[in-house]
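Heads up, the thing below is written out as structure tokens.
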Amino acid sequence: MLNLMRRGRRAIASKLALSVVALATAMASPVFAAGKTITAVMHSDLRIIDPIFTTAYITRDHGYMVYDTLIATDSNFKIQPQMADWKISDDKLTYTFTLRDGLKWHDGAPVTAEDCVASLKRWAAVDGMGQQLMQFTASIEATDPKTITLKLKEPYGLVLESIGKPSSRVAFMMPKRLAETPPDKQIPEQIGSGPFKFVQGEFQPGVKAVYERNPDYVPRKEPASWTAGGKVVKVDRVEWITMPDSQTAVNALQSGDIDFMEVPPWDLLPVLEGNPDLKVETLNKFGYQTLGRMNFLYPPFDNPKIRRAALLAMNQKDVLDALVGNPKYYKICGAFFICDTPFATDVGAESLIKGNGMAEAKKLLAESGYDGTPVVVMVPGDVVTLKAQPTVAVQLLREAGFKVDAQATDWQTVVSRRASQKPPKEGGWNMFFTNWVSADVSNPISNLSIGGQGKKGGWFGWAEDAKIEKLKDDFVRAASLDDQKKIATEIQKEAYDQVIYIPLGQYLAPSAWRKSLSGVLDGPATPIFWNIDKSE
């Protein structure tokens with residue numbers, strides 16, 4: 001009887017999956033496009049489509065479809081030419097980037113150096129590595145239609161690594177008229193020079209996003225490697241279908257109604273691995289760091305003692321067990337800059353790692369003067385990798401003595417709402433949880449959420465910490481790796497002392513796809529859809 005009931009549920013779920021795909025196609029595309037089409041369920045719905053406006057990875061993924069970069073990172077962590085080659089002067093003060101021939105925007109206009117200068121300036125205004133680069137920059141200008149000249153005040157060793165970084169925020173190039181949009185406002189059009197064109201007329205947030213092969217794109221001749229090399233598009237169309245229910249998406253993948261699922265639930269991986277028509281693989285071998293971030297602008301987390309009490313209440317194992325479940329795919333790690341890297345240290349992380357801080361959390365909260373101000377925690381329920389963390393945290397905060405207002409929402413609402421600096425009572429927030437690709441947080445400069453710039457230029461939560469900013473400056477000027485390690489340890493100690501954010505451990509997230517797909521690339525900014533072919 002039990003097996004019969006399970007088969008019945010699977011049959012219903014499979015029919016529902018087919019219905020969801022059919023509905024998405026009917027709503028967004030009156031006439032189905034001819035040719036090869038990849039249908040994918042990504043980790044999140046896509047709503048914000050300006051890749052400089054947000055650090056959300058679904059928007060970064062969209063960015064790689066539509067836009068291109070001047071330079072890029074390959075699988076050996078080497079920076080390679082992409083839209084441009086470069087030369088460095090003997091004194092290390094002048095970087096000259098020369099655009100390759102034949103680059104065109106999707107509207108047919110040629111890509112110019114002025115477009116790229118404007119794009120770099122918009123990116124650098126809000127990206128952590130870009131902000132640091134600009135502190136060393138004397139000027140950046142278009143010296144002719146194909147040449148971008150960047151002059152430094154003093155030598156800076158992370159110029160190429162900043163402009164060619166593979167993940168959020170990526171220095172995507174866009175036409176000058178779009179790049180001149182203030183970075184706190186979204187661009188009005190999706191015009192890039194990348195391998196796919198965004199089909200605006202078929203875009204329906206919550207239903208479907210569509211990309212078509214850009215016939216004018218000329219790939220580089222080198223083999224594809226991470227975000228570098230030849231971006232050869234082998235299909236005519238890619239459709240991202242929104243399926244908030246992961247069981248529905250899994251059934252759709254098994255039945256062949258979709259081709260690719262970015263993040264299947266960990267507990268269903270054995271089922272997918274047992275299907276001979278599917279391949280399951282971890283594309284981002286470096287994994288993710290998951291974390292909690294507080295709002296420093298408003299009570300109660302404008303008080304460092306109360307932030308500290310919240311940190312002490314957290315427990316990485318509880319979070320990771322709820323999020324992943326299988327220790328094969330997670331690591332308890334208190335390092336802000338990722339375990340097993342040159343800058344890894346456990347300094348300040350004892351309570352998170354051992355889960356032994358609750359008694360002290362209760363004591364400190366009682367001593368802090370906490371007046372019962374509700375903690376507004378945003379709890380998204382539609383993304384496999386983001387719904388367990390706030391749920392566990394809410395329970396732990398309440399156990400420590402906090403009054404918590406857990407507000408159920410979806411992830412794209414969190415992405416929009418976390419940018420608001422309004423008080424919690426006026427639609428703002430006190431705490432949210434997110435994930436970083438490990439490559440994004442592996443050092444103090446790339447780690448955007450470690451910054452202390454405050455309301456002007458800081459990441460959501462707007463932590464203000466002059467000591468961290470000074471230490472970051474010392475880090476980039478350090479003469480040796482040993483000196484950098486010492487400074488990174490000091491930064492981590494300050495970050496724990498002031499609770500800049502709460503690292504909650506690391507995990508791997510395998511993807512699954514039908515074996516009719518070939519050429520799926522790995523890397524720290526996956527999935528990417530060039531190089532993939534589909535057999536009929």
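Chain labels A, B, ... are given in the sequence in which chains occur in the structure tokens; within each chain residues are numbered consecutively from 1, and ligands are likewise numbered from 1 in the order shown.
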
Checklist entry - Please, which residues of segment 238-362 of chain A, numbered as in this document, come out strand (DSSP E or B) from DSSP, as a list of chain:residue names? => result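 Matching residues for strand (DSSP E or B) in segment 238-362 of chain A are A:Val238, A:Glu239, A:Trp240, A:Ile241, A:Phe260, A:Met261, A:Leu278, A:Lys279, A:Val280, A:Glu281, A:Tyr288, A:Gln289, A:Thr290, A:Leu291, A:Gly292, A:Arg293, A:Met294, A:Tyr330, A:Lys331.
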
Selection near Lys455 of chain A, 10 Å with only C-alpha atoms, sequence-local residues under 5 positions removed, as a short mmCIF file (atom, residue, chain, number, x, y, z; two decimals) with N, CA and C atoms, in the first residue's frame:
data_model
loop_
_atom_site.label_atom_id
_atom_site.label_comp_id
_atom_site.auth_asym_id
_atom_site.auth_seq_id
_atom_site.Cartn_x
_atom_site.Cartn_y
_atom_site.Cartn_z
N PHE A 296 23.20 47.12 10.66
CA PHE A 296 23.89 47.93 11.66
C PHE A 296 23.21 49.28 11.89
N LEU A 297 22.23 49.63 11.09
CA LEU A 297 21.67 50.98 11.15
C LEU A 297 20.62 51.15 12.24
N GLN A 421 17.32 50.90 3.11
CA GLN A 421 17.84 51.40 4.37
C GLN A 421 16.73 51.96 5.26
N PHE A 460 25.01 45.49 1.91
CA PHE A 460 23.75 45.48 2.65
C PHE A 460 24.00 45.15 4.13
N GLY A 461 23.46 45.97 5.00
CA GLY A 461 23.74 45.88 6.43
C GLY A 461 24.57 47.05 6.89
N TRP A 462 25.43 47.56 5.98
CA TRP A 462 26.12 48.84 6.14
C TRP A 462 26.94 48.93 7.42
N ALA A 463 27.76 47.89 7.63
CA ALA A 463 28.70 47.90 8.75
C ALA A 463 29.72 49.01 8.56
N GLU A 464 30.01 49.71 9.63
CA GLU A 464 31.01 50.78 9.58
C GLU A 464 32.13 50.42 10.54
#

Next on the checklist: Which residues are close to Asn443 of chain A, i.e. within 9 Å by only C-alpha atoms, leaving aside same-chain residues fewer than 5 positions away? Reply as a list in words.
Outcome noted: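 In the requested format, the answer is Phe336, Phe337, Ile338, Thr341, Pro342, Phe343 and Ala488 of chain A.
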
Checklist outcome for this item: Using only C-alpha atoms, the shortest atom-to-atom distance to Glu490 of chain A among A:Thr149, A:Gln135, A:Thr345, A:Gln453 belongs to A:Thr345

Between segment 465-535 of chain A and segment 54-69 of chain A, at 8 Å or less, what are the per-residue closest atom pairs and their distances in Å? Count only C-alpha atoms, order by chain and rising residue number, and return it as CSV.
residue,atom,partner,partner_atom,distance
A:Ala525,CA,A:Asp61,CA,7.5
A:Thr526,CA,A:Asp61,CA,7.5
A:Pro527,CA,A:Asp61,CA,7.2
A:Ile528,CA,A:Asp61,CA,7.1
A:Phe529,CA,A:Met65,CA,7.5

Could you give me, as a tab-separated table, every segment 307-340 of chain A residue with an atom at most 10 Å from segment 255-275 of chain A, plus its closest atom pair and distance in Å to one decimal, counting only C-alpha atoms, rows ordered by chain then number?
residue	atom	partner	partner_atom	distance
A:Leu323	CA	A:Trp266	CA	8.7
A:Val324	CA	A:Trp266	CA	6.1
A:Gly325	CA	A:Trp266	CA	7.4
A:Asn326	CA	A:Trp266	CA	7.5
A:Tyr329	CA	A:Trp266	CA	8.5

Generate the output file for the selected residues, all heavy atoms, as a CSV table (one decimal), in the first residue's frame.
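For reference, selection.csv as written:
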chain,number,residue,atom,x,y,z
A,323,LEU,N,20.4,22.5,6.5
A,323,LEU,CA,20.6,22.9,5.1
A,323,LEU,C,20.9,21.7,4.2
A,323,LEU,O,20.3,21.6,3.2
A,323,LEU,CB,21.7,24.0,5.1
A,323,LEU,CG,22.1,24.5,3.7
A,323,LEU,CD1,20.9,25.1,3.0
A,323,LEU,CD2,23.3,25.4,3.8
A,324,VAL,N,22.0,21.0,4.6
A,324,VAL,CA,22.5,19.9,3.7
A,324,VAL,C,22.2,18.5,4.2
A,324,VAL,O,21.7,17.7,3.5
A,324,VAL,CB,24.0,20.1,3.6
A,324,VAL,CG1,24.6,19.0,2.7
A,324,VAL,CG2,24.4,21.5,3.1
A,325,GLY,N,22.4,18.3,5.5
A,325,GLY,CA,22.1,17.0,6.1
A,325,GLY,C,23.3,16.0,6.0
A,325,GLY,O,23.7,15.4,7.0
A,326,ASN,N,23.8,15.9,4.8
A,326,ASN,CA,24.9,14.9,4.6
A,326,ASN,C,26.3,15.5,4.8
A,326,ASN,O,26.6,16.4,4.0
A,326,ASN,CB,24.8,14.3,3.2
A,326,ASN,CG,25.7,13.2,2.9
A,326,ASN,OD1,26.7,12.9,3.7
A,326,ASN,ND2,25.5,12.4,1.8
A,329,TYR,N,28.8,16.6,2.1
A,329,TYR,CA,28.7,17.9,1.3
A,329,TYR,C,28.8,19.2,2.1
A,329,TYR,O,28.5,20.2,1.6
A,329,TYR,CB,27.3,17.9,0.6
A,329,TYR,CG,27.1,16.8,-0.4
A,329,TYR,CD1,26.3,15.7,-0.2
A,329,TYR,CD2,27.8,16.8,-1.6
A,329,TYR,CE1,26.1,14.7,-1.2
A,329,TYR,CE2,27.7,15.8,-2.6
A,329,TYR,CZ,26.8,14.8,-2.4
A,329,TYR,OH,26.7,13.8,-3.3

Item to check | Selection near Gln492 of chain A, 9 Å with only C-alpha atoms, sequence-local residues under 5 positions removed, as a list in words | outcome: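 Neighbouring residues, sequence-local ones excluded: Ala335, Phe336, Phe337, Thr345, Asp346, Val347, Gly348, Pro444, Ile450, Ile468, Ile487 and Asp497 of chain A.
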
Restricting the output to N, CA and C atoms, write the selected residues as a CSV table (one decimal), in the first residue's frame.
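Written out: result19.csv:
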chain,number,residue,atom,x,y,z
A,335,ALA,N,36.4,30.0,9.4
A,335,ALA,CA,37.3,31.0,8.7
A,335,ALA,C,36.5,31.9,7.9
A,336,PHE,N,36.6,33.2,8.1
A,336,PHE,CA,35.9,34.2,7.2
A,336,PHE,C,36.4,34.0,5.7
A,337,PHE,N,37.7,33.6,5.6
A,337,PHE,CA,38.3,33.6,4.2
A,337,PHE,C,38.4,32.2,3.7
A,345,THR,N,41.9,30.7,9.3
A,345,THR,CA,42.2,30.7,10.7
A,345,THR,C,40.9,30.5,11.5
A,346,ASP,N,41.0,29.9,12.6
A,346,ASP,CA,39.8,29.7,13.5
A,346,ASP,C,39.7,30.8,14.6
A,347,VAL,N,40.5,31.8,14.5
A,347,VAL,CA,40.5,32.9,15.5
A,347,VAL,C,39.1,33.5,15.7
A,348,GLY,N,38.6,33.4,16.9
A,348,GLY,CA,37.3,34.0,17.2
A,348,GLY,C,36.1,33.1,16.9
A,444,PRO,N,40.6,39.2,2.0
A,444,PRO,CA,39.9,40.3,2.6
A,444,PRO,C,39.5,41.4,1.5
A,450,ILE,N,32.9,41.7,4.2
A,450,ILE,CA,33.8,42.0,5.3
A,450,ILE,C,34.1,43.5,5.5
A,468,ILE,N,38.9,47.9,10.1
A,468,ILE,CA,38.9,46.9,9.1
A,468,ILE,C,39.3,47.5,7.8
A,487,ILE,N,47.8,39.9,8.7
A,487,ILE,CA,46.8,41.0,8.6
A,487,ILE,C,45.4,40.4,8.4
A,497,ASP,N,34.9,40.3,16.6
A,497,ASP,CA,34.6,41.2,17.8
A,497,ASP,C,33.4,42.1,17.5

At a cut-off of 12 Å, can you tabulate as a tab-separated table every residue of segment 285-384 of chain A near segment 34-46 of chain A together with its closest atom pair and the distance in Å to one decimal, using only C-alpha atoms and ordering rows by chain then number?
residue	atom	partner	partner_atom	distance
A:Pro380	CA	A:Ser44	CA	10.7
A:Gly381	CA	A:Ser44	CA	10.8
A:Asp382	CA	A:Ser44	CA	7.5
A:Val383	CA	A:Ser44	CA	6.0
A:Val384	CA	A:His43	CA	7.4

Next on the checklist: Taking only segment 61-229 of chain A into account, list the residues labelled alpha helix (DSSP H) by DSSP (computed from the backbone), as a ChimeraX atom specification.
Outcome noted: /A:61-66,113-124,128-136,159-163,176-179

Checklist entry - Quick one: residues within 10 Å of Tyr217 of chain A, only C-alpha atoms counted, chain neighbours fewer than 6 positions away excluded, as a VMD selection string? => result chain A and resid 102 to 106 193 to 197 231 to 233

Write out as CSV the residues of segment 292-373 of chain A that have any atom within 9 Å of an atom of segment 423-429 of chain A, one row each with the nearest atom pair and its distance in Å to one decimal, counting only C-alpha atoms, sorted by chain and then rising number.
residue,atom,partner,partner_atom,distance
A:Met294,CA,A:Trp429,CA,8.5
A:Asn295,CA,A:Trp429,CA,7.0
A:Leu297,CA,A:Pro423,CA,8.2
A:Tyr298,CA,A:Pro423,CA,6.6

Writing out the chosen residues with N, CA and C atoms as a JSON list (two decimals), in the first residue's frame:
[["chain", "number", "residue", "atom", "x", "y", "z"],
["A", 294, "MET", "N", 23.55, 41.12, 9.70],
["A", 294, "MET", "CA", 22.67, 41.99, 10.47],
["A", 294, "MET", "C", 22.69, 43.40, 9.90],
["A", 295, "ASN", "N", 21.65, 44.15, 10.23],
["A", 295, "ASN", "CA", 21.54, 45.55, 9.83],
["A", 295, "ASN", "C", 22.10, 46.42, 10.94],
["A", 297, "LEU", "N", 22.23, 49.63, 11.09],
["A", 297, "LEU", "CA", 21.67, 50.98, 11.15],
["A", 297, "LEU", "C", 20.62, 51.15, 12.24],
["A", 298, "TYR", "N", 19.96, 50.07, 12.65],
["A", 298, "TYR", "CA", 18.79, 50.20, 13.53],
["A", 298, "TYR", "C", 18.87, 49.21, 14.69]]

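Using only C-alpha atoms, the nearest neighbour of Lys472 of chain A within the list A:Met129, A:Ala179, A:Val404, A:Val375 is A:Met129.
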
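Nearest-residue note for Asn531 of chain A: choosing from A:Ala118, A:Leu320, A:Leu93, A:Leu517, the minimum distance belongs to A:Leu517, counting only C-alpha atoms.
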
Next on the checklist: I'd like to know which of A:Ala224, A:Leu471, A:Ile140, A:Leu278 is closest to Gln80 of chain A, using only C-alpha atoms.
Outcome noted: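 Distance minimum relative to Gln80 of chain A lands on A:Ala224.
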
Checklist entry - Quick one: distance from atom CA of Lys151 of chain A to atom CA of Leu70 of chain A in Å, one decimal? => result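 Computed distance, atom CA of Lys151 of chain A to atom CA of Leu70 of chain A, equals 16.7 Å.
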
Checklist entry - Which residue out of A:Ile88, A:Asp405, A:Lys515, A:Thr489 has the minimum interatomic distance to Leu253 of chain A when only C-alpha atoms are used? => result A:Lys515

Next on the checklist: Calculated over only C-alpha atoms, which of the candidates A:Gln289, A:Ser449, A:Ser516, A:Gln132 has the smallest distance to Pro276 of chain A?
Outcome noted: A:Ser516

Item to check | Pairwise distance for atom CA of Val392 of chain A and atom CA of Arg169 of chain A, rounded to one decimal in Å | outcome: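 One can read the atom CA of Val392 of chain A to atom CA of Arg169 of chain A distance as 28.5 Å.
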